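See below for data.txt, which holds compact mmCIF, C-alpha atoms.
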```txt
# COMPACT_ATOMS: atom_id res chain seq x y z
CA MET A 1192 8.32 16.63 -13.57
CA PRO A 1193 11.02 14.55 -11.87
CA ARG A 1194 10.47 13.93 -8.20
CA GLN A 1195 12.79 12.34 -5.70
CA SER A 1196 11.56 9.46 -3.54
CA GLY A 1197 11.80 11.49 -0.33
CA MET A 1198 9.28 14.04 -1.66
CA ALA A 1199 6.90 11.65 -3.39
CA ASP A 1200 4.53 11.62 -0.40
CA ARG A 1201 3.98 15.41 -0.33
CA GLU A 1202 0.85 17.07 -1.62
CA PRO A 1203 1.09 18.63 -5.09
CA CYS A 1204 0.92 22.38 -5.55
CA PRO A 1205 -1.20 24.38 -4.77
CA TRP A 1206 -2.74 21.98 -2.22
CA ARG A 1207 0.66 21.81 -0.58
CA ILE A 1208 0.19 25.39 0.64
CA VAL A 1209 -3.01 24.53 2.50
CA ASP A 1210 -1.42 21.38 3.92
CA ASP A 1211 1.68 23.22 5.15
CA VAL A 1212 -0.34 26.06 6.69
CA GLY A 1213 -2.55 23.63 8.61
CA GLY A 1214 0.35 21.48 9.75
CA ALA A 1215 2.42 24.47 10.84
CA PHE A 1216 -0.50 25.96 12.80
CA SER A 1217 -1.14 22.65 14.57
CA MET A 1218 2.53 22.27 15.42
CA GLY A 1219 2.76 25.82 16.77
CA ALA A 1220 -0.45 25.51 18.77
CA VAL A 1221 0.57 22.23 20.39
CA GLY A 1222 4.09 23.46 21.11
CA GLY A 1223 2.76 26.76 22.44
CA THR A 1224 0.33 24.93 24.69
CA VAL A 1225 3.14 22.89 26.25
CA TRP A 1226 5.48 25.86 26.56
CA HIS A 1227 2.95 28.30 28.05
CA THR A 1228 1.58 25.64 30.37
CA ILE A 1229 5.00 25.29 31.98
CA LYS A 1230 5.66 29.02 31.89
CA GLY A 1231 2.23 29.94 33.25
CA TYR A 1232 2.57 27.43 36.08
CA ARG A 1233 5.94 28.83 37.12
CA MET A 1234 4.90 32.48 36.89
CA SER A 1235 1.56 32.13 38.66
CA PRO A 1236 1.28 32.64 42.46
CA ARG A 1237 0.19 29.90 44.81
CA GLY A 1238 -3.50 29.29 44.78
CA GLY A 1239 -3.83 30.59 41.25
CA LYS A 1240 -1.78 28.06 39.28
CA LEU A 1241 -4.71 26.67 37.31
CA ALA A 1242 -6.07 30.09 36.42
CA GLY A 1243 -2.60 31.31 35.42
CA VAL A 1244 -1.98 28.29 33.19
CA THR A 1245 -5.38 28.62 31.53
CA SER A 1246 -4.90 32.33 30.91
CA ALA A 1247 -1.41 31.91 29.47
CA VAL A 1248 -2.38 29.05 27.17
CA THR A 1249 -5.53 30.67 25.80
CA ALA A 1250 -3.76 34.00 25.22
CA ARG A 1251 -0.43 32.92 23.75
CA ALA A 1252 -0.76 29.42 22.22
CA PRO A 1253 -2.98 30.53 19.28
CA VAL A 1254 -0.59 33.42 18.60
CA LEU A 1255 2.36 31.07 18.31
CA GLY A 1256 0.30 28.78 16.10
CA GLY A 1257 -0.49 31.73 13.82
CA GLN A 1258 3.18 32.65 13.57
CA PHE A 1259 4.02 29.11 12.58
CA ALA A 1260 1.17 29.16 10.02
CA VAL A 1261 2.53 32.36 8.43
CA TRP A 1262 5.99 30.81 8.19
CA GLY A 1263 4.60 27.59 6.71
CA GLY A 1264 2.44 29.45 4.19
CA LEU A 1265 5.32 31.60 2.94
CA PHE A 1266 7.58 28.58 2.74
CA ALA A 1267 5.02 26.59 0.73
CA CYS A 1268 4.45 29.51 -1.66
CA CYS A 1269 8.18 29.86 -2.29
CA ASP A 1270 8.52 26.09 -2.71
CA CYS A 1271 5.71 25.89 -5.26
CA THR A 1272 7.14 28.90 -7.12
CA LEU A 1273 10.58 27.31 -7.36
CA THR A 1274 9.04 24.01 -8.44
CA ALA A 1275 7.22 25.74 -11.28
CA ILE A 1276 10.33 27.66 -12.34
CA ARG A 1277 12.87 24.83 -12.11
CA GLN A 1278 10.45 22.08 -13.23
CA LYS A 1279 11.79 19.61 -10.68
CA GLU A 1280 11.61 18.85 -6.98
CA ASP A 1281 14.77 18.35 -4.96
CA PRO A 1282 16.21 19.48 -1.59
CA TRP A 1283 17.48 22.70 -3.16
CA ASN A 1284 13.91 23.94 -3.48
CA ALA A 1285 13.36 23.56 0.26
CA ILE A 1286 16.70 25.16 1.17
CA ILE A 1287 16.15 28.18 -1.08
CA SER A 1288 12.54 28.49 0.11
CA GLY A 1289 13.67 28.47 3.74
CA ALA A 1290 16.18 31.22 3.07
CA ALA A 1291 13.61 33.30 1.17
CA THR A 1292 11.02 32.83 3.93
CA GLY A 1293 13.44 33.94 6.64
CA GLY A 1294 14.40 37.04 4.62
CA ILE A 1295 10.78 38.01 3.89
CA LEU A 1296 9.72 37.72 7.53
CA ALA A 1297 12.63 39.94 8.63
CA ALA A 1298 12.17 42.54 5.85
CA ARG A 1299 10.65 45.15 8.17
CA ALA A 1300 13.81 45.22 10.31
CA GLY A 1301 16.18 46.23 7.50
CA PRO A 1302 18.62 44.61 5.08
CA GLN A 1303 20.94 43.30 7.78
CA ALA A 1304 18.09 41.53 9.56
CA MET A 1305 16.91 40.15 6.22
CA ALA A 1306 20.35 38.68 5.54
CA SER A 1307 20.50 37.15 9.01
CA GLY A 1308 17.01 35.70 8.69
CA ALA A 1309 17.75 34.28 5.25
CA LEU A 1310 20.95 32.67 6.52
CA VAL A 1311 19.21 31.12 9.51
CA GLY A 1312 16.31 29.84 7.38
CA GLY A 1313 18.62 28.36 4.75
CA VAL A 1314 20.85 26.62 7.28
CA LEU A 1315 17.86 25.29 9.22
CA LEU A 1316 16.23 23.80 6.12
CA ALA A 1317 19.56 22.40 4.94
CA LEU A 1318 19.91 20.56 8.26
CA ILE A 1319 16.34 19.27 8.09
CA GLU A 1320 16.73 18.06 4.49
CA GLY A 1321 20.10 16.47 5.26
CA MET A 1322 18.69 14.57 8.21
CA GLY A 1323 15.73 13.41 6.13
CA ILE A 1324 18.01 12.10 3.38
CA MET A 1325 20.22 10.28 5.89
CA ILE A 1326 17.26 8.64 7.61
CA SER A 1327 15.68 7.58 4.31
CA ARG A 1328 18.95 6.05 3.13
CA ALA A 1329 19.50 4.27 6.44
CA PHE A 1330 16.07 2.57 6.40
CA ALA A 1331 15.80 2.04 2.63
CA PRO A 1332 15.89 -1.60 1.41
CA PRO A 1333 19.09 -2.68 -0.36
CA VAL A 1334 19.16 -2.23 -4.12
CA PRO A 1335 19.10 -5.59 -5.97
CA THR A 1336 22.33 -6.41 -7.77
CA ALA A 1337 22.87 -8.24 -11.04
CA GLU A 1338 23.62 -11.45 -9.13
CA ASP A 1339 20.26 -11.21 -7.34
CA TYR A 1340 18.46 -10.92 -10.67
CA GLN A 1341 20.35 -13.90 -12.08
CA ARG A 1342 19.60 -16.01 -9.02
CA ALA A 1343 15.92 -15.15 -9.29
CA MET A 1344 15.88 -16.07 -12.98
CA GLN A 1345 17.48 -19.46 -12.30
CA GLN A 1346 14.76 -20.50 -9.86
CA ASP A 1347 11.98 -22.57 -11.40
CA VAL A 1348 8.73 -21.28 -9.96
CA THR A 1349 6.78 -24.18 -11.52
CA ALA A 1350 8.81 -26.89 -9.76
CA PRO A 1351 6.89 -28.89 -7.12
CA PRO A 1352 7.89 -28.48 -3.48
CA THR A 1353 10.40 -30.94 -2.03
CA ALA A 1354 9.28 -30.82 1.58
CA GLY A 1355 6.16 -30.12 3.59
CA GLY A 1356 2.57 -30.81 2.62
CA LEU A 1357 0.85 -34.11 3.19
CA PHE A 1358 3.89 -36.28 2.52
CA PRO A 1359 7.45 -36.07 3.79
CA THR A 1360 10.33 -35.79 1.36
CA GLY A 1361 10.77 -39.54 0.83
CA GLY A 1362 7.06 -40.22 0.40
CA PHE A 1363 6.71 -37.44 -2.10
CA GLN A 1364 9.60 -38.80 -4.11
CA MET A 1365 8.01 -42.22 -4.21
CA ALA A 1366 4.69 -40.73 -5.34
CA THR A 1367 6.41 -38.90 -8.16
CA GLY A 1368 8.44 -41.91 -9.26
CA GLY A 1369 11.69 -41.06 -7.51
CA GLY A 1370 13.62 -42.85 -4.84
CA GLY A 1371 13.52 -42.43 -1.11
CA ALA A 1372 12.13 -44.19 1.92
CA PRO A 1373 8.49 -45.35 1.85
CA PRO A 1374 5.92 -43.47 3.89
CA PRO A 1375 5.50 -44.64 7.48
CA ASP A 1376 2.88 -47.26 8.35
CA SER A 1377 1.26 -44.82 10.74
CA MET A 1378 -0.19 -43.05 7.73
CA TYR A 1379 -2.31 -46.13 6.98
CA PRO A 1380 -4.39 -47.23 10.00
CA THR A 1381 -4.65 -50.95 10.58
CA ASP A 1382 -7.94 -51.03 12.48
CA SER A 1383 -11.08 -48.94 12.46
CA ASP A 1384 -14.29 -48.86 14.47
CA ASP A 1385 -16.36 -50.71 11.87
CA GLY A 1386 -13.91 -53.57 11.50
CA THR A 1387 -12.54 -52.49 8.16
CA THR A 1388 -8.87 -53.33 7.84
CA PHE A 1389 -6.28 -51.18 6.11
CA ARG A 1390 -2.80 -52.71 6.06
CA THR A 1391 0.22 -52.48 3.89
CA GLU A 1392 1.55 -55.61 2.20
CA GLY A 1393 4.66 -55.59 4.32
CA SER A 1394 2.79 -55.49 7.61
CA SER A 1395 0.51 -58.38 6.56
CA ASN A 1396 3.47 -60.58 5.68
CA GLU A 1397 5.07 -59.92 9.03
CA SER A 1398 1.91 -60.88 10.91
CA GLY A 1399 2.16 -64.44 9.61
CA LYS A 1400 -1.35 -64.62 8.24
CA GLY A 1401 -1.67 -66.09 4.79
CA GLY A 1402 -2.78 -64.16 1.80
CA SER A 1403 -2.58 -60.52 0.99
CA SER A 1404 -4.57 -58.33 3.34
CA TRP A 1405 -4.31 -55.05 1.54
CA PHE A 1406 -7.89 -55.49 0.34
CA PRO A 1407 -10.13 -53.20 2.42
CA PHE A 1408 -12.67 -55.90 3.27
CA GLY A 1409 -10.19 -58.43 4.59
CA SER A 1410 -8.45 -61.32 2.95
CA SER A 1411 -10.29 -63.49 0.45
```
The structure in this file should be written as structure tokens.
Amino acid sequence: MPRQSGMADREPCPWRIVDDVGGAFSMGAVGGTVWHTIKGYRMSPRGGKLAGVTSAVTARAPVLGGQFAVWGGLFACCDCTLTAIRQKEDPWNAIISGAATGGILAARAGPQAMASGALVGGVLLALIEGMGIMISRAFAPPVPTAEDYQRAMQQDVTAPPTAGGLFPTGGFQMATGGGGAPPPDSMYPTDSDDGTTFRTEGSSNESGKGGSSWFPFGSS
């Protein structure tokens, strides 16, 4: 079944129904807690603010959470039904499911209320899906072009590095047989604590002492 990248992180049916019901209830309960906390504080008399807030939240927040859970459950059932019928997942499933959910919830009020509820549900889900697509496209990484693939193919991943490591660029070139400046004398200490001498041939010639002093145990 083809799935678009924006819906790849959703739970598969029928586990999607349980996931949507739980998420919708949590959203409604949290939102109802915030709303009825403010409303209960404003409607309560002085001296009874805390009791009024507690009473309003415990009485109305779970009800709002249940209403959200009913909406989420109906929406998930319609979405899974459309997915099974159409054999694909795309934003049209969510838009049609939103319209069907709004119409079903308003069925007891008559055909006109059903049409209004379906229109509101379809428009709301179309806006949500449109915003999701826009956000996903805005933050998606750029698609590699043919030039990017060619540039990647031209790079030799087995080639040795030309800079960094133990040697600078010139020293590395000398070690590999290429040109470049010799490594600095500071890389080869001239004196040590035990008297052992390490010198390059050039530094020994400049000191004026006879013989080659590159030998570690001094000149012969």
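Shortest atom-to-atom contact with A:Met1322 among A:Met1305, A:Pro1282, A:Gln1345, A:Pro1253: A:Pro1282, counting all atoms listed in the file.
Considering all atoms listed in the file, the residue among A:Leu1265, A:Ala1298, A:Met1234, A:Cys1271 positioned nearest to A:Pro1203 is A:Cys1271.
Considering all atoms listed in the file, the residue among A:Met1344, A:Met1218, A:Ala1267, A:Ala1250 positioned nearest to A:Ile1286 is A:Ala1267.
Here the question is which of A:Cys1268, A:Ala1285, A:Ala1260, A:Val1221 gets nearest to A:Val1248 using only C-alpha atoms, and that residue is A:Val1221.
With only C-alpha atoms as the atoms that count, the residue of A:Pro1302, A:Gly1313, A:Pro1332, A:Gly1222 with the shortest distance to A:Phe1259 is A:Gly1222.
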Skip A:Ala1252 itself and residues of its chain fewer than 5 positions away, then list as an MDAnalysis selection string all residues within 8 Å of it, counting only C-alpha atoms. chainID A and resid 1219:1224 1227 1247
Got a sec: who's within 8 Å of A:Val1314, counting all atoms listed in the file, leaving out chain neighbours fewer than 4 positions off, as a PyMOL selection string? chain A and resi 1286+1290+1310+1318
Mind dumping the selected residues with C-alpha atoms as a PDB file, in the coordinates of the input?
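New file out_26.pdb:
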```pdb
ATOM      1  CA  ILE A1286      16.700  25.160   1.170  1.00  0.00           C
ATOM      2  CA  ALA A1290      16.180  31.220   3.070  1.00  0.00           C
ATOM      3  CA  LEU A1310      20.950  32.670   6.520  1.00  0.00           C
ATOM      4  CA  LEU A1318      19.910  20.560   8.260  1.00  0.00           C
TER       5      LEU A1318
END
```
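You will find atom CA of A:Gly1257 at 16.3 Å from atom CA of A:Ile1295.
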Tell me, as a PyMOL selection string, which residues lie within 8 Å of A:Trp1262, counting only C-alpha atoms; anything in the same chain fewer than 5 positions away does not count. chain A and resi 1215+1292+1296
Grab the residues selected above and save them as a compact mmCIF listing (two decimals), keeping the file's coordinate frame with C-alpha atoms.
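Written out: result_11.txt:
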```txt
# COMPACT_ATOMS: atom_id res chain seq x y z
CA ALA A 1215 2.42 24.47 10.84
CA THR A 1292 11.02 32.83 3.93
CA LEU A 1296 9.72 37.72 7.53
```
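With atom CA of A:Ser1307 on one side and atom CA of A:Gln1278 on the other, the separation reads 28.7 Å.
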Atom pair atom CA of A:Val1261 + atom CA of A:Ile1276, distance 22.7 Å
Considering all atoms listed in the file, can you say which of A:Gly1243, A:Gly1301, A:Pro1205, A:Pro1333 comes closest to A:Asp1270? A:Pro1205
Generate the coordinates of N, CA, C and O atoms for stretch 1303-1321 of chain A; report them as an mmCIF file, in the frame of the given file.
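Listed below is the output, out_31.cif:
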```cif
data_model
loop_
_atom_site.group_PDB
_atom_site.id
_atom_site.type_symbol
_atom_site.label_atom_id
_atom_site.label_comp_id
_atom_site.auth_asym_id
_atom_site.auth_seq_id
_atom_site.Cartn_x
_atom_site.Cartn_y
_atom_site.Cartn_z
ATOM 1 N N GLN A 1303 20.083 44.169 6.970
ATOM 2 C CA GLN A 1303 20.940 43.300 7.780
ATOM 3 C C GLN A 1303 20.120 42.194 8.438
ATOM 4 O O GLN A 1303 20.541 41.026 8.480
ATOM 5 N N ALA A 1304 18.956 42.544 8.960
ATOM 6 C CA ALA A 1304 18.090 41.530 9.560
ATOM 7 C C ALA A 1304 17.586 40.557 8.494
ATOM 8 O O ALA A 1304 17.420 39.356 8.760
ATOM 9 N N MET A 1305 17.336 41.049 7.291
ATOM 10 C CA MET A 1305 16.910 40.150 6.220
ATOM 11 C C MET A 1305 18.003 39.132 5.889
ATOM 12 O O MET A 1305 17.718 37.947 5.701
ATOM 13 N N ALA A 1306 19.248 39.601 5.829
ATOM 14 C CA ALA A 1306 20.350 38.680 5.540
ATOM 15 C C ALA A 1306 20.495 37.642 6.642
ATOM 16 O O ALA A 1306 20.710 36.448 6.369
ATOM 17 N N SER A 1307 20.385 38.092 7.885
ATOM 18 C CA SER A 1307 20.500 37.150 9.010
ATOM 19 C C SER A 1307 19.360 36.135 8.990
ATOM 20 O O SER A 1307 19.566 34.929 9.185
ATOM 21 N N GLY A 1308 18.143 36.616 8.750
ATOM 22 C CA GLY A 1308 17.010 35.700 8.690
ATOM 23 C C GLY A 1308 17.107 34.711 7.547
ATOM 24 O O GLY A 1308 16.765 33.534 7.685
ATOM 25 N N ALA A 1309 17.586 35.187 6.393
ATOM 26 C CA ALA A 1309 17.750 34.280 5.250
ATOM 27 C C ALA A 1309 18.812 33.229 5.542
ATOM 28 O O ALA A 1309 18.644 32.051 5.184
ATOM 29 N N LEU A 1310 19.903 33.635 6.190
ATOM 30 C CA LEU A 1310 20.950 32.670 6.520
ATOM 31 C C LEU A 1310 20.450 31.619 7.496
ATOM 32 O O LEU A 1310 20.686 30.416 7.315
ATOM 33 N N VAL A 1311 19.733 32.073 8.530
ATOM 34 C CA VAL A 1311 19.210 31.120 9.510
ATOM 35 C C VAL A 1311 18.205 30.167 8.865
ATOM 36 O O VAL A 1311 18.223 28.946 9.097
ATOM 37 N N GLY A 1312 17.308 30.700 8.033
ATOM 38 C CA GLY A 1312 16.310 29.840 7.380
ATOM 39 C C GLY A 1312 16.946 28.840 6.434
ATOM 40 O O GLY A 1312 16.554 27.661 6.404
ATOM 41 N N GLY A 1313 17.960 29.288 5.664
ATOM 42 C CA GLY A 1313 18.620 28.360 4.750
ATOM 43 C C GLY A 1313 19.377 27.265 5.467
ATOM 44 O O GLY A 1313 19.302 26.087 5.092
ATOM 45 N N VAL A 1314 20.098 27.621 6.524
ATOM 46 C CA VAL A 1314 20.850 26.620 7.280
ATOM 47 C C VAL A 1314 19.913 25.639 7.970
ATOM 48 O O VAL A 1314 20.154 24.415 7.994
ATOM 49 N N LEU A 1315 18.815 26.164 8.539
ATOM 50 C CA LEU A 1315 17.860 25.290 9.220
ATOM 51 C C LEU A 1315 17.243 24.287 8.259
ATOM 52 O O LEU A 1315 17.166 23.082 8.554
ATOM 53 N N LEU A 1316 16.826 24.729 7.089
ATOM 54 C CA LEU A 1316 16.230 23.800 6.120
ATOM 55 C C LEU A 1316 17.266 22.851 5.539
ATOM 56 O O LEU A 1316 16.953 21.703 5.221
ATOM 57 N N ALA A 1317 18.517 23.313 5.415
ATOM 58 C CA ALA A 1317 19.560 22.400 4.940
ATOM 59 C C ALA A 1317 19.782 21.277 5.954
ATOM 60 O O ALA A 1317 19.944 20.103 5.559
ATOM 61 N N LEU A 1318 19.764 21.598 7.235
ATOM 62 C CA LEU A 1318 19.910 20.560 8.260
ATOM 63 C C LEU A 1318 18.731 19.597 8.242
ATOM 64 O O LEU A 1318 18.905 18.370 8.345
ATOM 65 N N ILE A 1319 17.528 20.132 8.106
ATOM 66 C CA ILE A 1319 16.340 19.270 8.090
ATOM 67 C C ILE A 1319 16.361 18.343 6.870
ATOM 68 O O ILE A 1319 16.104 17.130 6.977
ATOM 69 N N GLU A 1320 16.688 18.886 5.701
ATOM 70 C CA GLU A 1320 16.730 18.060 4.490
ATOM 71 C C GLU A 1320 17.849 17.028 4.565
ATOM 72 O O GLU A 1320 17.682 15.884 4.128
ATOM 73 N N GLY A 1321 18.998 17.426 5.116
ATOM 74 C CA GLY A 1321 20.100 16.470 5.260
ATOM 75 C C GLY A 1321 19.749 15.319 6.181
ATOM 76 O O GLY A 1321 20.043 14.150 5.878
#
```
